[in-house]
file final.txt (compact mmCIF, C-alpha atoms and all ligand atoms)
# COMPACT_ATOMS: atom_id res chain seq x y z
CA MET W 116 -11.72 1.13 -32.61
CA ASN W 117 -11.77 -1.31 -29.72
CA THR W 118 -10.49 -0.43 -26.25
CA LYS W 119 -6.94 -1.62 -26.92
CA GLU W 120 -6.71 0.43 -30.12
CA LEU W 121 -8.19 3.54 -28.47
CA ASP W 122 -5.75 3.17 -25.59
CA ALA W 123 -2.79 2.85 -27.93
CA LYS W 124 -3.89 5.92 -29.88
CA TYR W 125 -5.02 8.27 -27.09
CA VAL W 126 -3.74 7.24 -23.66
CA ALA W 127 -0.25 8.36 -22.57
CA GLY W 128 2.01 5.38 -22.93
CA THR W 129 3.26 5.24 -19.34
CA TYR W 130 1.93 1.74 -18.62
CA GLY W 131 2.94 -1.66 -19.86
CA ARG W 132 -0.31 -3.57 -19.94
CA PHE W 133 -1.29 -7.22 -20.02
CA ASP W 134 -3.49 -8.18 -22.95
CA VAL W 135 -6.69 -8.01 -20.90
CA ALA W 136 -9.53 -5.44 -20.87
CA ILE W 137 -11.59 -5.92 -17.71
CA LYS W 138 -15.21 -4.92 -18.11
CA SER W 139 -16.91 -6.00 -14.89
CA GLY W 140 -16.56 -8.08 -11.79
CA LYS W 141 -18.25 -9.48 -8.71
CA GLY W 142 -16.25 -10.40 -5.64
CA SER W 143 -13.02 -12.10 -6.69
CA THR W 144 -14.18 -12.99 -10.20
CA LEU W 145 -13.62 -10.53 -13.05
CA THR W 146 -14.94 -10.60 -16.62
CA ASP W 147 -13.19 -9.17 -19.67
CA GLU W 148 -14.69 -7.58 -22.78
CA ASP W 149 -14.82 -10.95 -24.52
CA GLY W 150 -16.74 -12.51 -21.62
CA LYS W 151 -13.79 -14.52 -20.35
CA GLN W 152 -13.68 -14.88 -16.55
CA TYR W 153 -10.68 -14.58 -14.26
CA ILE W 154 -10.07 -15.30 -10.60
CA ASP W 155 -8.57 -12.10 -9.22
CA PHE W 156 -5.38 -12.48 -7.16
CA GLY W 157 -4.43 -8.83 -7.66
CA SER W 158 -7.31 -6.65 -6.34
CA GLY W 159 -6.26 -3.87 -8.72
CA ILE W 160 -2.91 -3.80 -6.85
CA ALA W 161 -4.22 -4.16 -3.28
CA VAL W 162 -7.01 -1.65 -3.85
CA ASN W 163 -10.27 -3.63 -4.07
CA THR W 164 -10.16 -4.72 -0.42
CA PHE W 165 -13.55 -6.46 -0.60
CA GLY W 166 -13.30 -7.40 -4.26
CA ALA W 167 -15.34 -6.05 -7.15
CA CYS W 168 -18.73 -4.38 -6.60
CA ASP W 169 -19.08 -5.67 -3.05
CA ASP W 170 -22.67 -5.09 -1.88
CA VAL W 171 -21.91 -3.49 1.50
CA TRP W 172 -19.26 -1.20 0.02
CA LYS W 173 -21.60 -0.24 -2.81
CA ALA W 174 -24.48 0.54 -0.45
CA ALA W 175 -22.26 2.88 1.61
CA ILE W 176 -21.30 4.80 -1.52
CA ILE W 177 -24.82 4.98 -2.92
CA ALA W 178 -26.20 6.27 0.40
CA GLN W 179 -23.66 9.11 0.35
CA LEU W 180 -24.30 9.83 -3.34
CA ASP W 181 -27.90 10.61 -2.41
CA LYS W 182 -26.66 13.27 0.07
CA ILE W 183 -23.74 15.14 -1.55
CA GLN W 184 -20.64 14.22 -3.52
CA HIS W 185 -18.16 16.93 -2.46
CA THR W 186 -18.09 19.98 -0.21
CA SER W 187 -14.43 21.20 -0.16
CA ASN W 188 -12.37 21.63 2.96
CA LEU W 189 -13.76 25.10 3.58
CA TYR W 190 -16.60 23.45 5.50
CA TYR W 191 -16.91 20.78 8.17
CA ASN W 192 -17.52 17.28 6.87
CA GLU W 193 -19.16 14.57 8.98
CA ASN W 194 -17.69 11.62 7.08
CA GLY W 195 -14.15 12.98 7.21
CA ALA W 196 -14.43 13.67 10.92
CA ASN W 197 -15.87 10.22 11.65
CA LEU W 198 -13.29 8.38 9.55
CA ALA W 199 -10.48 10.30 11.26
CA ARG W 200 -11.90 9.35 14.66
CA MET W 201 -12.12 5.68 13.66
CA LEU W 202 -8.56 5.60 12.36
CA CYS W 203 -7.22 7.30 15.50
CA GLU W 204 -9.17 5.04 17.85
CA ARG W 205 -7.98 1.91 16.08
CA THR W 206 -4.31 2.97 15.92
CA GLY W 207 -3.65 5.33 18.82
CA MET W 208 -2.55 8.01 16.35
CA LYS W 209 -3.82 11.54 17.09
CA LYS W 210 -4.81 13.32 13.86
CA VAL W 211 -5.42 12.47 10.21
CA PHE W 212 -4.76 14.38 6.98
CA PHE W 213 -6.77 13.10 4.00
CA SER W 214 -5.64 13.12 0.38
CA ASN W 215 -6.12 11.07 -2.79
CA SER W 216 -3.22 8.69 -3.31
CA GLY W 217 -0.24 6.98 -1.77
CA ALA W 218 2.23 9.48 -3.15
CA GLU W 219 0.18 12.32 -1.73
CA ALA W 220 -0.10 10.62 1.65
CA ASN W 221 3.69 10.29 1.68
CA GLU W 222 4.17 13.92 0.61
CA CYS W 223 2.22 14.92 3.72
CA ALA W 224 4.31 12.57 5.86
CA ILE W 225 7.50 14.13 4.46
CA LYS W 226 6.26 17.70 4.92
CA ALA W 227 5.18 17.01 8.50
CA ALA W 228 8.55 15.42 9.30
CA ARG W 229 10.54 18.28 7.76
CA LYS W 230 8.50 20.88 9.59
CA TYR W 231 9.00 18.99 12.86
CA GLY W 232 12.76 18.83 12.28
CA THR W 233 13.37 22.33 10.98
CA ASP W 234 11.36 23.83 13.84
CA LYS W 235 14.24 22.53 16.02
CA ASN W 236 17.23 23.05 13.75
CA PRO W 237 17.16 24.40 10.17
CA ASP W 238 19.32 21.49 8.94
CA LYS W 239 17.28 18.74 10.56
CA ASN W 240 15.49 17.72 7.36
CA VAL W 241 17.13 14.49 6.18
CA ILE W 242 14.96 11.39 5.83
CA ILE W 243 16.44 7.90 5.68
CA THR W 244 14.62 5.36 3.52
CA LEU W 245 15.50 1.83 2.46
CA ARG W 246 16.92 0.45 -0.76
CA ASN W 247 14.22 -1.33 -2.78
CA SER W 248 11.56 0.81 -1.17
CA PHE W 249 8.73 2.37 -3.15
CA HIS W 250 7.07 5.56 -1.98
CA GLY W 251 5.42 7.02 -5.07
CA ARG W 252 5.84 8.81 -8.40
CA THR W 253 5.98 12.50 -7.54
CA ILE W 254 9.43 14.07 -7.71
CA THR W 255 9.81 14.03 -3.92
CA THR W 256 8.43 10.54 -3.33
CA LEU W 257 10.67 9.29 -6.16
CA SER W 258 13.60 10.79 -4.25
CA ALA W 259 12.42 8.88 -1.21
CA THR W 260 12.16 5.69 -3.26
CA GLY W 261 15.39 3.71 -2.86
CA GLN W 262 15.61 2.22 -6.34
CA ASP W 263 18.11 3.63 -8.83
CA VAL W 264 15.91 2.73 -11.83
CA PHE W 265 13.55 5.51 -10.75
CA HIS W 266 16.34 8.08 -10.59
CA GLN W 267 17.35 8.11 -14.25
CA ASN W 268 15.41 11.07 -15.59
CA PHE W 269 13.40 14.02 -14.27
CA THR W 270 16.29 15.78 -12.52
CA PRO W 271 16.69 17.76 -10.35
CA PHE W 272 15.18 15.57 -7.64
CA THR W 273 14.30 16.73 -4.12
CA ASP W 274 17.34 16.68 -1.83
CA GLY W 275 17.46 15.30 1.65
CA PHE W 276 17.00 11.54 1.28
CA ILE W 277 19.54 8.86 2.19
CA HIS W 278 18.98 5.21 1.22
CA VAL W 279 20.30 2.35 3.33
CA THR W 280 20.10 -1.41 2.88
CA ALA W 281 17.16 -3.09 4.61
CA ASN W 282 17.94 -5.30 7.60
CA ASP W 283 21.51 -3.89 7.92
CA ILE W 284 21.54 -2.30 11.37
CA LEU W 285 25.17 -1.13 11.15
CA GLU W 286 24.62 0.80 7.92
CA LEU W 287 21.58 2.45 9.45
CA LYS W 288 23.47 3.43 12.61
CA ASN W 289 26.29 4.92 10.54
CA ALA W 290 23.82 7.09 8.64
CA ILE W 291 22.40 8.70 11.80
CA ASN W 292 23.41 12.28 12.63
CA ASP W 293 21.78 15.45 13.99
CA ASN W 294 20.33 16.35 10.60
CA VAL W 295 18.26 13.18 10.32
CA VAL W 296 14.63 13.90 11.13
CA ALA W 297 12.95 10.64 10.11
CA ILE W 298 13.34 7.03 9.07
CA MET W 299 10.68 5.88 6.61
CA ILE W 300 10.00 2.19 6.04
CA GLU W 301 7.57 -0.30 4.57
CA VAL W 302 7.23 -3.27 6.92
CA VAL W 303 6.84 -5.42 3.81
CA GLN W 304 8.32 -3.82 0.68
CA GLY W 305 5.68 -4.32 -2.00
CA GLU W 306 7.02 -3.07 -5.32
CA GLY W 307 10.57 -3.88 -4.17
CA GLY W 308 9.87 -7.63 -4.21
CA VAL W 309 7.64 -8.44 -1.22
CA ASN W 310 10.59 -8.25 1.18
CA THR W 311 9.73 -8.44 4.88
CA LEU W 312 11.86 -6.55 7.37
CA THR W 313 13.11 -8.69 10.27
CA SER W 314 11.57 -8.05 13.67
CA ASP W 315 15.07 -7.39 15.09
CA TYR W 316 15.65 -4.70 12.51
CA ILE W 317 12.26 -3.12 13.14
CA ALA W 318 12.88 -3.11 16.90
CA GLU W 319 16.31 -1.55 16.37
CA ILE W 320 14.83 1.18 14.15
CA GLU W 321 12.33 2.08 16.83
CA LYS W 322 15.12 2.23 19.43
CA ILE W 323 17.26 4.49 17.23
CA THR W 324 14.34 6.82 16.52
CA ILE W 325 13.49 7.19 20.21
CA GLU W 326 17.10 7.75 21.31
CA ASN W 327 17.80 10.38 18.65
CA ASP W 328 14.50 12.28 18.47
CA ILE W 329 13.95 10.91 14.97
CA LEU W 330 10.45 10.27 13.65
CA LEU W 331 9.39 6.80 12.56
CA ILE W 332 7.32 6.98 9.38
CA ILE W 333 5.62 3.80 8.20
CA ASP W 334 4.42 3.65 4.61
CA GLU W 335 1.32 1.46 4.82
CA VAL W 336 0.05 2.36 1.36
CA GLN W 337 0.12 -1.27 0.22
CA THR W 338 0.47 -3.20 3.51
CA GLY W 339 -2.34 -1.38 5.30
CA ASN W 340 -6.09 -1.69 5.71
CA GLY W 341 -6.05 -5.36 6.68
CA ARG W 342 -3.76 -6.58 3.91
CA CYS W 343 -1.16 -8.04 6.29
CA GLY W 344 -3.58 -9.52 8.83
CA LYS W 345 -3.77 -6.44 11.09
CA LEU W 346 -5.45 -3.12 10.39
CA TYR W 347 -1.93 -1.79 9.70
CA SER W 348 1.05 -4.08 9.19
CA TYR W 349 3.18 -2.38 11.88
CA MET W 350 0.68 -3.73 14.44
CA ASN W 351 2.26 -7.15 13.91
CA PHE W 352 5.42 -5.74 15.53
CA ASN W 353 4.34 -3.88 18.66
CA LEU W 354 5.53 -0.56 17.20
CA THR W 355 4.51 3.03 17.94
CA PRO W 356 5.10 5.00 14.75
CA ASP W 357 5.03 8.80 14.61
CA ILE W 358 3.51 8.98 11.14
CA VAL W 359 1.61 6.37 9.10
CA SER W 360 0.71 6.90 5.45
CA THR W 361 -1.87 4.79 3.68
CA ALA W 362 -3.96 4.71 0.51
CA LYS W 363 -4.55 1.80 -1.91
CA GLY W 364 -7.08 -0.38 -0.05
CA LEU W 365 -8.41 2.31 2.30
CA ALA W 366 -11.55 3.16 0.32
CA GLY W 367 -11.65 -0.20 -1.48
CA GLY W 368 -11.46 1.15 -5.02
CA LEU W 369 -12.08 4.88 -4.71
CA PRO W 370 -9.05 7.18 -4.70
CA MET W 371 -8.09 8.07 -1.16
CA GLY W 372 -4.94 8.66 0.86
CA ALA W 373 -4.54 9.30 4.57
CA THR W 374 -1.61 10.40 6.71
CA LEU W 375 -1.97 9.50 10.39
CA LEU W 376 -0.04 11.82 12.71
CA GLY W 377 1.13 10.72 16.15
CA GLU W 378 1.60 12.74 19.31
CA LYS W 379 4.91 14.38 18.29
CA VAL W 380 3.54 15.79 15.05
CA GLU W 381 -0.18 16.11 15.67
CA ASN W 382 0.01 19.93 15.60
CA THR W 383 3.07 20.33 13.37
CA LEU W 384 1.17 21.25 10.21
CA SER W 385 -0.71 24.46 10.98
CA LYS W 386 -3.53 26.25 9.15
CA GLY W 387 -2.61 26.93 5.53
CA SER W 388 0.54 24.79 5.58
CA HIS W 389 -0.96 21.90 3.62
CA GLY W 390 -4.14 20.97 1.80
CA SER W 391 -5.82 18.95 -0.93
CA THR W 392 -9.00 19.91 -2.80
CA PHE W 393 -10.47 16.42 -2.89
CA GLY W 394 -9.12 15.43 0.54
CA ALA W 395 -11.77 13.73 2.72
CA ASN W 396 -14.17 13.52 -0.19
CA PRO W 397 -17.47 12.41 1.43
CA ILE W 398 -18.00 9.48 -0.95
CA CYS W 399 -14.47 8.15 -0.54
CA CYS W 400 -14.82 8.58 3.23
CA ALA W 401 -18.14 6.68 3.24
CA ALA W 402 -16.45 3.80 1.45
CA ALA W 403 -13.49 3.87 3.85
CA ILE W 404 -15.72 4.02 6.95
CA SER W 405 -17.58 0.96 5.70
CA ASN W 406 -14.27 -0.85 5.03
CA ILE W 407 -12.66 -0.01 8.38
CA GLU W 408 -15.82 -1.12 10.25
CA ARG W 409 -15.62 -4.51 8.54
CA LEU W 410 -11.93 -5.08 9.27
CA THR W 411 -12.68 -6.58 12.68
CA ASP W 412 -10.33 -8.88 14.61
CA THR W 413 -12.37 -11.91 13.50
CA PHE W 414 -12.22 -10.84 9.88
CA LEU W 415 -8.46 -10.27 10.13
CA GLU W 416 -7.97 -13.73 11.65
CA ASN W 417 -9.68 -15.05 8.56
CA VAL W 418 -7.23 -13.11 6.38
CA MET W 419 -4.43 -14.99 8.16
CA ALA W 420 -6.23 -18.31 7.64
CA LYS W 421 -6.46 -17.64 3.91
CA SER W 422 -2.80 -16.64 3.92
CA LYS W 423 -1.91 -19.94 5.57
CA LEU W 424 -3.91 -21.87 2.99
CA ILE W 425 -1.94 -20.21 0.19
CA ILE W 426 1.41 -20.76 1.91
CA ASP W 427 0.60 -24.42 2.73
CA THR W 428 -0.48 -25.11 -0.85
CA LEU W 429 2.46 -23.39 -2.52
CA SER W 430 5.18 -24.61 -0.18
CA ASN W 431 4.26 -28.14 -1.35
CA THR W 432 4.45 -27.11 -4.98
CA LYS W 433 7.39 -28.25 -7.12
CA GLY W 434 9.03 -25.22 -8.75
CA VAL W 435 8.46 -22.86 -5.81
CA LYS W 436 11.79 -21.69 -4.35
CA SER W 437 10.55 -19.44 -1.55
CA ILE W 438 7.52 -17.58 -0.24
CA SER W 439 7.77 -14.16 1.39
CA GLY W 440 5.37 -11.58 2.74
CA LEU W 441 2.65 -11.32 5.33
CA GLY W 442 -1.09 -11.99 5.31
CA LEU W 443 -2.58 -11.65 1.85
CA MET W 444 0.48 -9.88 0.46
CA LEU W 445 2.72 -12.72 -0.69
CA GLY W 446 5.71 -13.03 -3.01
CA ILE W 447 6.42 -16.38 -4.67
CA GLU W 448 9.94 -17.02 -5.95
CA THR W 449 9.73 -19.63 -8.69
CA GLU W 450 12.19 -21.60 -10.78
CA LYS W 451 10.54 -20.36 -13.96
CA PRO W 452 10.56 -16.59 -14.68
CA ALA W 453 7.63 -14.77 -13.07
CA SER W 454 6.66 -13.19 -16.40
CA GLU W 455 6.12 -16.63 -17.94
CA ILE W 456 4.00 -17.76 -15.01
CA ILE W 457 1.89 -14.61 -15.09
CA SER W 458 1.05 -14.89 -18.81
CA LYS W 459 0.16 -18.58 -18.50
CA CYS W 460 -2.06 -17.82 -15.51
CA ILE W 461 -3.85 -15.12 -17.51
CA GLU W 462 -4.44 -17.59 -20.36
CA ARG W 463 -6.01 -20.00 -17.88
CA GLY W 464 -8.15 -17.41 -16.12
CA LEU W 465 -6.14 -16.18 -13.14
CA LEU W 466 -4.79 -12.67 -12.61
CA VAL W 467 -1.56 -12.53 -10.58
CA LEU W 468 1.01 -9.72 -10.33
CA SER W 469 4.78 -9.46 -10.23
CA ALA W 470 7.19 -7.71 -7.87
CA LYS W 471 10.77 -7.66 -9.15
CA GLU W 472 11.52 -11.36 -9.88
CA LYS W 473 8.62 -12.74 -7.85
CA VAL W 474 5.01 -13.59 -8.55
CA ARG W 475 3.00 -11.36 -6.24
CA LEU W 476 -0.39 -12.32 -4.82
CA LEU W 477 -2.77 -9.67 -3.44
CA PRO W 478 -6.24 -11.27 -3.52
CA PRO W 479 -9.30 -9.47 -2.14
CA LEU W 480 -9.34 -9.94 1.64
CA ASN W 481 -12.79 -11.58 1.51
CA ILE W 482 -12.01 -13.97 -1.34
CA SER W 483 -14.16 -17.08 -0.96
CA ASP W 484 -12.44 -20.39 -0.26
CA GLU W 485 -13.89 -21.68 -3.50
CA GLU W 486 -12.34 -18.87 -5.58
CA LEU W 487 -9.09 -19.11 -3.63
CA ASN W 488 -8.79 -22.85 -4.24
CA LYS W 489 -9.74 -22.48 -7.89
CA GLY W 490 -7.05 -19.82 -8.36
CA LEU W 491 -4.45 -21.82 -6.44
CA GLU W 492 -5.13 -24.86 -8.60
CA ILE W 493 -4.36 -22.82 -11.74
CA LEU W 494 -1.27 -21.24 -10.19
CA LYS W 495 0.04 -24.58 -8.89
CA GLY W 496 -0.51 -26.19 -12.27
CA VAL W 497 1.38 -23.44 -14.09
CA ILE W 498 4.31 -23.45 -11.64
CA GLU W 499 4.63 -27.24 -11.60
CA GLU W 500 4.48 -28.07 -15.29
C1 LIG I 1 1.56 2.11 -4.47
C2 LIG I 1 2.45 2.65 -3.42
C3 LIG I 1 2.70 4.01 -3.28
C4 LIG I 1 2.16 5.04 -4.26
O1 LIG I 1 0.78 5.09 -4.24
P1 LIG I 1 -0.02 5.89 -5.39
O2 LIG I 1 -1.45 5.83 -4.94
O3 LIG I 1 0.23 5.17 -6.67
O4 LIG I 1 0.52 7.26 -5.42
C5 LIG I 1 3.48 4.43 -2.22
N1 LIG I 1 4.00 3.56 -1.35
C6 LIG I 1 3.79 2.24 -1.44
C7 LIG I 1 4.37 1.32 -0.43
C8 LIG I 1 3.02 1.73 -2.49
O5 LIG I 1 2.83 0.41 -2.61
call {"tool": "encode", "arguments": {"input": "final.txt", "output": "structure tokens"}}
result
Amino acid sequence: MNTKELDAKYVAGTYGRFDVAIKSGKGSTLTDEDGKQYIDFGSGIAVNTFGACDDVWKAAIIAQLDKIQHTSNLYYNENGANLARMLCERTGMKKVFFSNSGAEANECAIKAARKYGTDKNPDKNVIITLRNSFHGRTITTLSATGQDVFHQNFTPFTDGFIHVTANDILELKNAINDNVVAIMIEVVQGEGGVNTLTSDYIAEIEKITIENDILLIIDEVQTGNGRCGKLYSYMNFNLTPDIVSTAKGLAGGLPMGATLLGEKVENTLSKGSHGSTFGANPICCAAAISNIERLTDTFLENVMAKSKLIIDTLSNTKGVKSISGLGLMLGIETEKPASEIISKCIERGLLVLSAKEKVRLLPPLNISDEELNKGLEILKGVIEE
């Protein structure tokens, strides 16, 4: 049986897949099992920050593999401690909890917020999130996710989440009461259609959280780790969040989540109140340390330059209706259905993603200008014809 047949027979059918079996890759070029090459504008959904098999990333992992692969959280761990320090120094946050995925990073954010609230008042446990948000696939993070399609099955869901419409300040204000402990947002909603929050709305949220002793939680699972032209996307908006969750691109292709805790909640989760067996895995941490070191201001300026190149090219393309997003997280609204554009791109050797009705672009942050232009030429051609 070939890979597609084995998958159909043995792998749980939770994923709709494109007709591609990737076998290998280097940088922003991937190769499938038939030897066909693709320019990668997806990074494994914003995960492969420095593309496939990047040499620096690989060296960091191999060096750690020669020391030890896992120790458990019963013992101190140099890589975990150093990565936490780096993340705190770069963000001004105070403490870090490590886990393995975006959903798990958000679970920690939610637990920390609820503990903070219920320490003050047993009913202060409600978290406001936005419609069209996406926060993960566990029962609780699905409750947090403001999309009805995810709330069809799997009942009962976790209580205590209210969804409001993004960029509607009045609706948000009306939802505030003493039982609200946190507002949780993505600065750019990824799965929800690459929707950017307005800076007015973001500023208003911060004001409301400060005035009402409500925590501001930013889900940076997709937007973070340089994707939006800053280490974390909220840094584009002069914000001071209380909790930041991240995952996807953090370790550049190894499973890793992190929840950054600000001053108000740095000591909220006490010994024994939370944990994760693989959390701060030394190999994942080595990869993340290497990534964070490379996401310098100069590098991030380059991310914005690549973003501008894409926007300039596509805004002059017939058939493009609008472009949304920030940095190298862009949503392209096209006259033709996104699904049609995506399959034609795949035929011609370009991997792009979708988000709701848009074509979504998430190329590796270090994509070469040559690969970027080659991919854009294919995309432009498909959209225009
Ligand atoms: C992908 C994503 C998640 C879930 O991450 P997993 O690693 O799949 O659990 C949560 N929030 C946002 C914004 C995401 O894009």
call {"tool": "closest_residue", "arguments": {"input": "final.txt", "among": "W:Asp293, W:Glu335, W:Glu486, W:Asp181", "to": "ligand LIG 1 (chain I)", "atoms": "only C-alpha atoms and all ligand atoms"}}
result
W:Glu335
call {"tool": "atom_distance", "arguments": {"input": "final.txt", "atom1": "atom CA of W:Ser158", "atom2": "atom CA of W:Val264"}}
result
25.6 Å
call {"tool": "closest_residue", "arguments": {"input": "final.txt", "among": "W:Gly341, W:Gly159, W:Gly496, W:Gly305", "to": "W:Glu408", "atoms": "all atoms listed in the file"}}
result
W:Gly341
call {"tool": "closest_atom_pairs", "arguments": {"input": "final.txt", "of": "chain W", "to": "ligand LIG 1 (chain I)", "cutoff": "6 Å", "atoms": "all atoms listed in the file", "output": "Markdown table"}}
result
| residue | atom | partner | partner_atom | distance |
| --- | --- | --- | --- | --- |
| W:Ser216 | CA | I:LIG1 | O2 | 3.7 |
| W:Gly217 | CA | I:LIG1 | O1 | 3.3 |
| W:Ala218 | CA | I:LIG1 | O4 | 3.6 |
| W:Phe249 | CA | I:LIG1 | N1 | 5.2 |
| W:His250 | CA | I:LIG1 | N1 | 3.7 |
| W:Gly251 | CA | I:LIG1 | C4 | 3.9 |
| W:Gly305 | CA | I:LIG1 | O5 | 5.6 |
| W:Asp334 | CA | I:LIG1 | C7 | 5.6 |
| W:Val336 | CA | I:LIG1 | C6 | 4.7 |
| W:Gln337 | CA | I:LIG1 | O5 | 4.3 |
| W:Lys363 | CA | I:LIG1 | O2 | 5.9 |
call {"tool": "closest_residue", "arguments": {"input": "final.txt", "among": "W:Asn197, W:Ser454, W:Gln184, W:Ser314", "to": "W:Ile398", "atoms": "all atoms listed in the file"}}
result
W:Gln184
call {"tool": "residues_around", "arguments": {"input": "final.txt", "residues": "W:Ser214", "least_positions_apart": "2", "cutoff": "7 Å", "atoms": "all atoms listed in the file", "output": "list in words"}}
result
Phe212, Ser216, Glu219, Ala220, Met371, Gly372, Ala373, Ser391, Phe393, Gly394 and Ala395 of chain W
call {"tool": "write_last_selection", "arguments": {"input": "final.txt", "atoms": "C-alpha atoms", "output": "tab-separated table (two decimals), keeping the file's coordinate frame"}}
result
chain	number	residue	atom	x	y	z
W	212	PHE	CA	-4.76	14.38	6.98
W	216	SER	CA	-3.22	8.69	-3.31
W	219	GLU	CA	0.18	12.32	-1.73
W	220	ALA	CA	-0.10	10.62	1.65
W	371	MET	CA	-8.09	8.07	-1.16
W	372	GLY	CA	-4.94	8.66	0.86
W	373	ALA	CA	-4.54	9.30	4.57
W	391	SER	CA	-5.82	18.95	-0.93
W	393	PHE	CA	-10.47	16.42	-2.89
W	394	GLY	CA	-9.12	15.43	0.54
W	395	ALA	CA	-11.77	13.73	2.72
call {"tool": "atom_distance", "arguments": {"input": "final.txt", "atom1": "atom CA of W:Ala136", "atom2": "atom CA of W:Asn396"}}
result
28.4 Å
call {"tool": "closest_residue", "arguments": {"input": "final.txt", "among": "W:Phe165, W:Ile183, W:Leu257, W:Val296", "to": "W:Asp234", "atoms": "all atoms listed in the file"}}
result
W:Val296
call {"tool": "closest_residue", "arguments": {"input": "final.txt", "among": "W:Gly490, W:Ala167, W:Cys223, W:Gly157", "to": "W:Gly140", "atoms": "all atoms listed in the file"}}
result
W:Ala167
call {"tool": "residues_around", "arguments": {"input": "final.txt", "residues": "W:Asn406", "least_positions_apart": "3", "cutoff": "10 Å", "atoms": "all atoms listed in the file", "output": "tab-separated table (two decimals) with C-alpha atoms, in the coordinates of the input"}}
result
chain	number	residue	atom	x	y	z
W	164	THR	CA	-10.16	-4.72	-0.42
W	165	PHE	CA	-13.55	-6.46	-0.60
W	171	VAL	CA	-21.91	-3.49	1.50
W	172	TRP	CA	-19.26	-1.20	0.02
W	175	ALA	CA	-22.26	2.88	1.61
W	340	ASN	CA	-6.09	-1.69	5.71
W	341	GLY	CA	-6.05	-5.36	6.68
W	364	GLY	CA	-7.08	-0.38	-0.05
W	365	LEU	CA	-8.41	2.31	2.30
W	366	ALA	CA	-11.55	3.16	0.32
W	367	GLY	CA	-11.65	-0.20	-1.48
W	400	CYS	CA	-14.82	8.58	3.23
W	401	ALA	CA	-18.14	6.68	3.24
W	402	ALA	CA	-16.45	3.80	1.45
W	403	ALA	CA	-13.49	3.87	3.85
W	409	ARG	CA	-15.62	-4.51	8.54
W	410	LEU	CA	-11.93	-5.08	9.27
W	411	THR	CA	-12.68	-6.58	12.68
call {"tool": "residues_around", "arguments": {"input": "final.txt", "residues": "stretch 458-472 of chain W", "least_positions_apart": "6", "cutoff": "7 Å", "atoms": "only C-alpha atoms", "output": "PyMOL selection string"}}
result
chain W and resi 152-157+305-309+490+493-494+497
call {"tool": "atom_distance", "arguments": {"input": "final.txt", "atom1": "atom CA of W:Gln267", "atom2": "atom CA of W:Ala228"}}
result
26.2 Å
call {"tool": "residues_around", "arguments": {"input": "final.txt", "residues": "W:Leu331", "least_positions_apart": "3", "cutoff": "10 Å", "atoms": "all atoms listed in the file", "output": "list of chain:residue names"}}
result
W:Ala228, W:Ile242, W:Ile243, W:Val296, W:Ala297, W:Ile298, W:Met299, W:Ile300, W:Ile320, W:Glu321, W:Ile323, W:Thr324, W:Ile325, W:Asp328, W:Asp334, W:Leu354, W:Thr355, W:Pro356, W:Asp357, W:Ile358, W:Val359, W:Gly377
call {"tool": "write_last_selection", "arguments": {"input": "final.txt", "atoms": "C-alpha atoms", "output": "PDB file, keeping the file's coordinate frame"}}
result
ATOM      1  CA  ALA W 228       8.550  15.420   9.300  1.00  0.00           C
ATOM      2  CA  ILE W 242      14.960  11.390   5.830  1.00  0.00           C
ATOM      3  CA  ILE W 243      16.440   7.900   5.680  1.00  0.00           C
ATOM      4  CA  VAL W 296      14.630  13.900  11.130  1.00  0.00           C
ATOM      5  CA  ALA W 297      12.950  10.640  10.110  1.00  0.00           C
ATOM      6  CA  ILE W 298      13.340   7.030   9.070  1.00  0.00           C
ATOM      7  CA  MET W 299      10.680   5.880   6.610  1.00  0.00           C
ATOM      8  CA  ILE W 300      10.000   2.190   6.040  1.00  0.00           C
ATOM      9  CA  ILE W 320      14.830   1.180  14.150  1.00  0.00           C
ATOM     10  CA  GLU W 321      12.330   2.080  16.830  1.00  0.00           C
ATOM     11  CA  ILE W 323      17.260   4.490  17.230  1.00  0.00           C
ATOM     12  CA  THR W 324      14.340   6.820  16.520  1.00  0.00           C
ATOM     13  CA  ILE W 325      13.490   7.190  20.210  1.00  0.00           C
ATOM     14  CA  ASP W 328      14.500  12.280  18.470  1.00  0.00           C
ATOM     15  CA  ASP W 334       4.420   3.650   4.610  1.00  0.00           C
ATOM     16  CA  LEU W 354       5.530  -0.560  17.200  1.00  0.00           C
ATOM     17  CA  THR W 355       4.510   3.030  17.940  1.00  0.00           C
ATOM     18  CA  PRO W 356       5.100   5.000  14.750  1.00  0.00           C
ATOM     19  CA  ASP W 357       5.030   8.800  14.610  1.00  0.00           C
ATOM     20  CA  ILE W 358       3.510   8.980  11.140  1.00  0.00           C
ATOM     21  CA  VAL W 359       1.610   6.370   9.100  1.00  0.00           C
ATOM     22  CA  GLY W 377       1.130  10.720  16.150  1.00  0.00           C
TER      23      GLY W 377
END
call {"tool": "closest_residue", "arguments": {"input": "final.txt", "among": "W:Thr361, W:Asn431, W:Ser405, W:Asn310", "to": "W:Leu245", "atoms": "all atoms listed in the file"}}
result
W:Asn310
call {"tool": "residues_near_point", "arguments": {"input": "final.txt", "point": "(-0.9, 6.9, 16.3)", "cutoff": "12 Å", "atoms": "only C-alpha atoms", "output": "PyMOL selection string"}}
result
chain W and resi 199-211+331-333+347+349-350+354-360+374-381
call {"tool": "residues_around", "arguments": {"input": "final.txt", "residues": "W:Asn289", "least_positions_apart": "5", "cutoff": "12 Å", "atoms": "only C-alpha atoms", "output": "count of residues only"}}
result
9
call {"tool": "decode", "arguments": {"input": "final.txt", "residues": "stretch 471-477 of chain W", "atoms": "C-alpha atoms", "output": "mmCIF file, in the first residue's frame"}}
result
data_model
loop_
_atom_site.group_PDB
_atom_site.id
_atom_site.type_symbol
_atom_site.label_atom_id
_atom_site.label_comp_id
_atom_site.auth_asym_id
_atom_site.auth_seq_id
_atom_site.Cartn_x
_atom_site.Cartn_y
_atom_site.Cartn_z
ATOM 1 C CA LYS W 471 -12.606 30.676 5.781
ATOM 2 C CA GLU W 472 -13.155 32.169 2.280
ATOM 3 C CA LYS W 473 -9.624 33.511 1.893
ATOM 4 C CA VAL W 474 -6.360 32.173 0.544
ATOM 5 C CA ARG W 475 -3.961 32.254 3.482
ATOM 6 C CA LEU W 476 -0.215 32.741 3.120
ATOM 7 C CA LEU W 477 2.187 31.748 5.917
#
